[in-house]
Amino acid sequence: MPTFEIGEHDFLLDGEPYQVLSGALHYFRVHPDLWADRIRSARLMGLNTIETYVAWNVHAPQRGVFDTTGGRDLGRFLDLVAAEGLHAIVRPGPYICAEWDNGGFPAWLFSTPGVGVRRNEPVYMAAVGEYLQQVLPIVAERQVTRGGPVIAVQVENEYGAYGDDKDYLRALVGITRGAGIDVPLLSCDQADDAMLKRGGLPELHRTATFGSRSAERLEVLRRHQPTGPLMCMEFWDGWFDHWGAHHHTTDPAASAHDLDELLASGASVNVYMFHGGTNAGFTNGANDKGVYQPTVTSYDYDAPLAEDGTRTAKYDAFREVLGRYTPLPEQTAPTRTPSPTFTLLQGRRTVSLWDALDRGTGWVDSHDLPTHDAIGVLGGFVLHRTQVDLPEPTVLAFTEVRDRAQVFLDGRPVGVIDRSEHGTSLTLPGVGHARLDVLVEDQGRVNYGPRIGEPKGLIGPALLGGLPLTGWQVLPVPLDALVADPAVFADAPVTTGPVPGPSLSLWESDLPAGHDLFVSTRGWGKGVVWVNGTSLGRYWSKGPQTTLYVPAPAVAGAHDRVVVLELLAAPDGTLPFVEGPELGHTEH
């Protein structure tokens with residue numbers, strides 16, 4: 001049976017030195033019908049290994065559930081890696097960061113008061129144990145020692161940037177080994193002395209993360225991993241984007257130079273990302289280092305393989321470098337061909353969100369304001385409603401808004417309270433008796449740092465004119481159900497012209513089948529787009545990105561349904577499809 005071990009100087013595959021040439025590809029960010037294509041493109045670039053995180057919250061939306069169907073089928077993904085003749089490295093966390101919602105932690109984990117986070121605390125560790133005992137057998141049966149592709153498993157993720165609980169790391173090692181994992185166990189930390197010291201154990205082979213100055217960073221790693229092979233577990237070849245900021249890119253030639261320097265030293269690499277994919281639905285994470293910054297929908301990452309699976313200049317530059325260290329296939333991945341361009345002009349049916357919500361049930365009475373988490377909403381929108389008397393302009397205030405609250409009186413917009421602006425209040429006009437609606441959007445849970453696990457929604461108390469405002473009705477907004485329900489649009493007339501928000505708009509059209517498509521959201525305000533019930537993710541006029549990627553398998557080619565939730569307004573009301581991605585301006 002094959003073996004993969006850590007030697008005195010090298011990784012050893014069946015006893016022979018082996019330089020790991022890996023690329024990061026997260027199965028949960030890619031349509032499952034496209035997994036094989038993306039994996040094949042990795043091999044054609046010269047890679048011999050695929051690395052993936054496992055996102056706990058993808059598989060366990062509720063405690064006691066572990067879903068491995070469809071796009072969650074980790075086993076099938078690893079089997080496709082093996083079918084392409086590649087190896088695999090699996091990083092199951094339990095924390096992954098990855099610019100993913102909550103760093104991969106399920107939001108329900110934090111519903112128990114006092115639960116620990118990334119430390120050896122019994123309530124936290126019980127949940128972690130349940131998770132790992134579900135996911136690790138899928139990995140164990142696919143280890144190289146059992147004829148599968150998996151050559152290594154990582155324990156935790158950049159732990160030295162967060163804590164130094166060695167008992168926690170040892171407990172994770174115990175669970176991992178106890179679940180039948182016998183391939184080498186790795187840790188990874190930034191190439192920083194303090195982080196590498198805090199985040200490792202003697203029983204874990206240390207690796208580092210960096211994106212430049214390879215020789216210098218490998219020297220830092222060698223101080224903490226005195227024997228065995230050196231490996232950059234995340235060779236950052238690009239970066240992620242925040243709403244309202246620029247699109248990050250790196251120079252292909254400069255990145256290729258740093259990669260060459262790394263590989264020439266004999267070190268192994270995992271290119272992060274080889275292919276980034278998409279933060280579809282409400283899966284994007286956020287950062288908060290004093291200012292809350294949600295991550296955009298595209299996770300293109302300026303990676304060698306673009307969001308739609310086409311090769312870039314960076315792919316070609318990296319392939320040339322890899323060819324100096326491994327034989328290359330003659331074939332290579334395709335370059336982008338323009339997607340079909342057209343505009344959905346006619347046939348639009350638009351209904352106000354208020355009318356759509358009035359059709360359903362699900363309202364909860366609450367004396368005070370509950371958080372999203374308190375009523376079981378782990379992503380998306382919640383509507384809070386009450387009656388107010390406003391004889392004169394009056395200040396409405398909350399302790400904190402997580403993350404964006406649109407305020408309405410009798411259905412008319414009054415203003416927005418935005419966490420990224422540290423907003424907590426606004427003035428309501430003196431209109432007399434009115435219905436007050438507060439529509440709150442969770443824009444992505446923090447994925448890095450001490451604010452991981454915090455609840456979402458309105459943090460009370462609510463104050464009106466300095467006095468407590470109570471007696472609320474609260475509605476979890478069932479967007480996916482509304483989008484899928486033909487009755488929502490049945491009585492809406494066909495219309496053209498501007499789209500007022502908040503509203504839902506439907507087009508029924510025959511989209512071009514067999515092609516990736518790109519929806520342009522230029523001219524639209526803020527919202528979400530669905531194609532045939534599949535959420536493409538959020539858009540926002542703040543940019544930088546102004547297109548949403550539609551993977552070809554999501555298109556039927558006949559009677560396709562495109563739905564847009566517009567929260568603000570769109571003065572045109574048409575929906576263009578353009579020939580390629582528009583990810584926004586760069587800082588250059």
# chains A, B, ... in the order shown; residues from 1 in each chain; ligands from 1

call {"tool": "select_by_dssp", "arguments": {"residues": "stretch 192-379 of chain A", "states": "alpha helix (DSSP H)", "output": "NGL selection string"}}
result
:A and (193-198 or 214-224 or 252-264 or 313-322 or 353-358)

call {"tool": "closest_atom_pairs", "arguments": {"of": "stretch 89-160 of chain A", "to": "stretch 372-394 of chain A", "cutoff": "12 Å", "atoms": "only C-alpha atoms", "output": "CSV"}}
result
residue,atom,partner,partner_atom,distance
A:Asp101,CA,A:Gly379,CA,9.1
A:Asn102,CA,A:Leu378,CA,10.3
A:Phe105,CA,A:Leu378,CA,11.3
A:Pro106,CA,A:Leu378,CA,8.4
A:Ala107,CA,A:Leu378,CA,6.1
A:Trp108,CA,A:Asp373,CA,7.5
A:Leu109,CA,A:Asp373,CA,10.4
A:Phe110,CA,A:Asp373,CA,9.0
A:Ser111,CA,A:Asp373,CA,7.4
A:Thr112,CA,A:Ala374,CA,10.8
A:Pro113,CA,A:Ala374,CA,11.9

call {"tool": "write_last_selection", "arguments": {"atoms": "N, CA and C atoms", "output": "CSV table (one decimal), in the first residue's frame"}}
result
chain,number,residue,atom,x,y,z
A,101,ASP,N,-18.3,32.8,5.9
A,101,ASP,CA,-19.2,33.2,7.0
A,101,ASP,C,-18.8,32.6,8.3
A,102,ASN,N,-18.5,33.4,9.3
A,102,ASN,CA,-18.1,32.9,10.6
A,102,ASN,C,-16.9,32.0,10.7
A,105,PHE,N,-17.4,28.3,11.3
A,105,PHE,CA,-18.2,27.9,12.4
A,105,PHE,C,-19.7,28.0,12.2
A,106,PRO,N,-20.5,27.0,12.5
A,106,PRO,CA,-22.0,27.2,12.5
A,106,PRO,C,-22.4,28.1,13.5
A,107,ALA,N,-23.4,29.0,13.1
A,107,ALA,CA,-23.8,30.0,14.1
A,107,ALA,C,-24.5,29.4,15.3
A,108,TRP,N,-25.1,28.3,15.1
A,108,TRP,CA,-25.8,27.7,16.3
A,108,TRP,C,-24.8,27.3,17.4
A,109,LEU,N,-23.5,27.1,17.1
A,109,LEU,CA,-22.6,26.7,18.0
A,109,LEU,C,-22.5,27.7,19.2
A,110,PHE,N,-22.8,29.0,18.9
A,110,PHE,CA,-22.6,30.0,20.0
A,110,PHE,C,-23.9,30.4,20.7
A,111,SER,N,-24.9,29.5,20.5
A,111,SER,CA,-26.2,29.8,21.2
A,111,SER,C,-26.2,29.4,22.7
A,112,THR,N,-25.2,28.6,23.1
A,112,THR,CA,-25.1,28.2,24.5
A,112,THR,C,-24.2,29.3,25.2
A,113,PRO,N,-24.8,29.9,26.2
A,113,PRO,CA,-24.0,30.9,27.0
A,113,PRO,C,-22.7,30.3,27.5

call {"tool": "residues_around", "arguments": {"residues": "A:Ser255", "least_positions_apart": "6", "cutoff": "9 Å", "atoms": "only C-alpha atoms", "output": "PyMOL selection string"}}
result
chain A and resi 211-212+236-238+314+317-318

call {"tool": "write_last_selection", "arguments": {"atoms": "N, CA and C atoms", "output": "PDB file, in the first residue's frame"}}
result
ATOM      1  N   GLY A 211       3.039  35.338   0.934  1.00  0.00           N
ATOM      2  CA  GLY A 211       2.834  35.536  -0.485  1.00  0.00           C
ATOM      3  C   GLY A 211       3.983  36.211  -1.206  1.00  0.00           C
ATOM      4  N   SER A 212       5.062  36.501  -0.490  1.00  0.00           N
ATOM      5  CA  SER A 212       6.208  37.166  -1.114  1.00  0.00           C
ATOM      6  C   SER A 212       7.430  36.931  -0.230  1.00  0.00           C
ATOM      7  N   TRP A 236       0.045  33.130  -1.039  1.00  0.00           N
ATOM      8  CA  TRP A 236      -0.997  34.089  -1.414  1.00  0.00           C
ATOM      9  C   TRP A 236      -0.648  34.725  -2.755  1.00  0.00           C
ATOM     10  N   ASP A 237      -1.396  34.361  -3.780  1.00  0.00           N
ATOM     11  CA  ASP A 237      -1.143  34.877  -5.123  1.00  0.00           C
ATOM     12  C   ASP A 237      -2.096  36.006  -5.502  1.00  0.00           C
ATOM     13  N   GLY A 238      -2.969  36.383  -4.604  1.00  0.00           N
ATOM     14  CA  GLY A 238      -3.933  37.461  -4.816  1.00  0.00           C
ATOM     15  C   GLY A 238      -4.484  37.872  -3.475  1.00  0.00           C
ATOM     16  N   LYS A 314      -1.710  34.816 -15.062  1.00  0.00           N
ATOM     17  CA  LYS A 314      -1.027  34.243 -13.890  1.00  0.00           C
ATOM     18  C   LYS A 314      -0.945  32.723 -14.009  1.00  0.00           C
ATOM     19  N   ALA A 317       1.947  32.080 -16.280  1.00  0.00           N
ATOM     20  CA  ALA A 317       3.218  32.379 -15.621  1.00  0.00           C
ATOM     21  C   ALA A 317       3.566  31.305 -14.601  1.00  0.00           C
ATOM     22  N   PHE A 318       2.585  30.839 -13.835  1.00  0.00           N
ATOM     23  CA  PHE A 318       2.837  29.791 -12.850  1.00  0.00           C
ATOM     24  C   PHE A 318       3.147  28.461 -13.535  1.00  0.00           C
TER      25      PHE A 318
END

call {"tool": "residues_around", "arguments": {"residues": "A:Gly15", "least_positions_apart": "5", "cutoff": "9 Å", "atoms": "only C-alpha atoms", "output": "JSON, numbers by chain"}}
result
{"A": [3, 4, 5, 7]}

call {"tool": "residues_around", "arguments": {"residues": "stretch 58-73 of chain A", "least_positions_apart": "6", "cutoff": "8 Å", "atoms": "only C-alpha atoms", "output": "short mmCIF file (atom, residue, chain, number, x, y, z; two decimals) with N, CA and C atoms, in the first residue's frame"}}
result
data_model
loop_
_atom_site.label_atom_id
_atom_site.label_comp_id
_atom_site.auth_asym_id
_atom_site.auth_seq_id
_atom_site.Cartn_x
_atom_site.Cartn_y
_atom_site.Cartn_z
N TYR A 27 -14.34 23.08 -2.64
CA TYR A 27 -15.49 22.46 -3.31
C TYR A 27 -16.78 23.21 -3.03
N PHE A 28 -16.90 23.81 -1.85
CA PHE A 28 -18.15 24.48 -1.47
C PHE A 28 -18.29 25.86 -2.11
N VAL A 30 -17.73 26.12 -5.51
CA VAL A 30 -17.79 25.79 -6.94
C VAL A 30 -18.99 24.88 -7.17
N HIS A 31 -19.72 25.10 -8.25
CA HIS A 31 -20.85 24.23 -8.58
C HIS A 31 -20.33 22.80 -8.73
N PRO A 32 -21.00 21.82 -8.13
CA PRO A 32 -20.45 20.46 -8.15
C PRO A 32 -20.30 19.87 -9.55
N GLY A 104 -16.29 29.53 9.09
CA GLY A 104 -16.67 28.12 8.98
C GLY A 104 -17.44 27.60 10.17
N PRO A 106 -20.51 26.99 12.53
CA PRO A 106 -21.96 27.16 12.45
C PRO A 106 -22.43 28.15 13.52
N TRP A 108 -25.12 28.27 15.14
CA TRP A 108 -25.79 27.66 16.28
C TRP A 108 -24.81 27.28 17.40
N LEU A 109 -23.55 27.13 17.05
CA LEU A 109 -22.56 26.74 18.05
C LEU A 109 -22.51 27.71 19.22
N TYR A 131 -18.59 17.05 15.17
CA TYR A 131 -18.31 17.42 13.78
C TYR A 131 -17.19 16.58 13.20
N GLN A 134 -17.81 13.09 12.26
CA GLN A 134 -18.59 12.92 11.04
C GLN A 134 -17.74 13.08 9.79
#

call {"tool": "atom_distance", "arguments": {"atom1": "atom CA of A:Ala36", "atom2": "atom CA of A:Ile50"}}
result
11.8 Å

call {"tool": "atom_distance", "arguments": {"atom1": "atom CA of A:Thr361", "atom2": "atom CA of A:Leu436"}}
result
18.6 Å

call {"tool": "atom_distance", "arguments": {"atom1": "atom CA of A:Tyr549", "atom2": "atom CA of A:Ser298"}}
result
7.9 Å

call {"tool": "residues_around", "arguments": {"residues": "stretch 166-174 of chain A", "least_positions_apart": "3", "cutoff": "9 Å", "atoms": "only C-alpha atoms", "output": "ChimeraX atom specification"}}
result
/A:118-121,125,128-129,132,155-156,159,163,177-179,185,198-201,203-204

call {"tool": "write_last_selection", "arguments": {"atoms": "C-alpha atoms", "output": "PDB file, in the first residue's frame"}}
result
ATOM      1  CA  ARG A 118     -11.003  27.766  19.789  1.00  0.00           C
ATOM      2  CA  ARG A 119      -9.979  26.562  23.229  1.00  0.00           C
ATOM      3  CA  ASN A 120     -10.202  23.415  25.320  1.00  0.00           C
ATOM      4  CA  GLU A 121     -13.620  24.173  26.790  1.00  0.00           C
ATOM      5  CA  MET A 125     -15.099  20.586  22.371  1.00  0.00           C
ATOM      6  CA  VAL A 128     -16.188  19.959  17.677  1.00  0.00           C
ATOM      7  CA  GLY A 129     -15.919  16.260  18.463  1.00  0.00           C
ATOM      8  CA  LEU A 132     -14.895  15.827  13.335  1.00  0.00           C
ATOM      9  CA  VAL A 155      -5.256  20.546  12.436  1.00  0.00           C
ATOM     10  CA  GLU A 156      -6.926  23.931  13.143  1.00  0.00           C
ATOM     11  CA  TYR A 159      -4.051  29.166  15.423  1.00  0.00           C
ATOM     12  CA  GLY A 163      -4.482  31.689  20.848  1.00  0.00           C
ATOM     13  CA  ARG A 177      -5.930  10.200  15.199  1.00  0.00           C
ATOM     14  CA  GLY A 178      -8.829   8.481  16.943  1.00  0.00           C
ATOM     15  CA  ALA A 179     -10.925   8.839  13.790  1.00  0.00           C
ATOM     16  CA  LEU A 185      -0.803  16.016  10.530  1.00  0.00           C
ATOM     17  CA  ARG A 198       1.940  29.648  19.675  1.00  0.00           C
ATOM     18  CA  GLY A 199       0.215  27.703  16.934  1.00  0.00           C
ATOM     19  CA  GLY A 200       2.244  24.504  16.775  1.00  0.00           C
ATOM     20  CA  LEU A 201       2.990  21.256  18.593  1.00  0.00           C
ATOM     21  CA  GLU A 203       3.401  16.214  16.906  1.00  0.00           C
ATOM     22  CA  LEU A 204       2.284  18.604  14.147  1.00  0.00           C
TER      23      LEU A 204
END

call {"tool": "closest_atom_pairs", "arguments": {"of": "stretch 257-358 of chain A", "to": "stretch 440-450 of chain A", "cutoff": "10 Å", "atoms": "only C-alpha atoms", "output": "tab-separated table"}}
result
residue	atom	partner	partner_atom	distance
A:Phe282	CA	A:Gly444	CA	6.9
A:Thr283	CA	A:Gly444	CA	6.9
A:Asn284	CA	A:Gly444	CA	5.5
A:Gly285	CA	A:Gly444	CA	4.7
A:Ala286	CA	A:Val446	CA	4.4
A:Asn287	CA	A:Val446	CA	5.2
A:Asp288	CA	A:Val446	CA	6.6
A:Lys289	CA	A:Gly449	CA	8.1
A:Tyr292	CA	A:Val446	CA	8.4
A:Gln293	CA	A:Val446	CA	8.7
A:Pro294	CA	A:Gly444	CA	6.0
A:Thr295	CA	A:Gly444	CA	7.5
A:Val296	CA	A:Gly444	CA	9.5

call {"tool": "residues_around", "arguments": {"residues": "A:Leu262", "least_positions_apart": "3", "cutoff": "10 Å", "atoms": "only C-alpha atoms", "output": "number ranges by chain"}}
result
A: 212-218, 230-232, 235, 256-259, 265-269

call {"tool": "closest_residue", "arguments": {"among": "A:Pro461, A:Asn57, A:Gly430, A:Leu583", "to": "A:Asp302", "atoms": "only C-alpha atoms"}}
result
A:Leu583

call {"tool": "closest_residue", "arguments": {"among": "A:Gly543, A:Gly309, A:Gly573, A:Pro334", "to": "A:Ile39", "atoms": "only C-alpha atoms"}}
result
A:Gly309

call {"tool": "closest_residue", "arguments": {"among": "A:Leu344, A:Leu467, A:Val117, A:Leu328", "to": "A:Ser505", "atoms": "only C-alpha atoms"}}
result
A:Leu344

call {"tool": "closest_residue", "arguments": {"among": "A:Ile89, A:Met273, A:Val115, A:Val563", "to": "A:Ser187", "atoms": "only C-alpha atoms"}}
result
A:Ile89
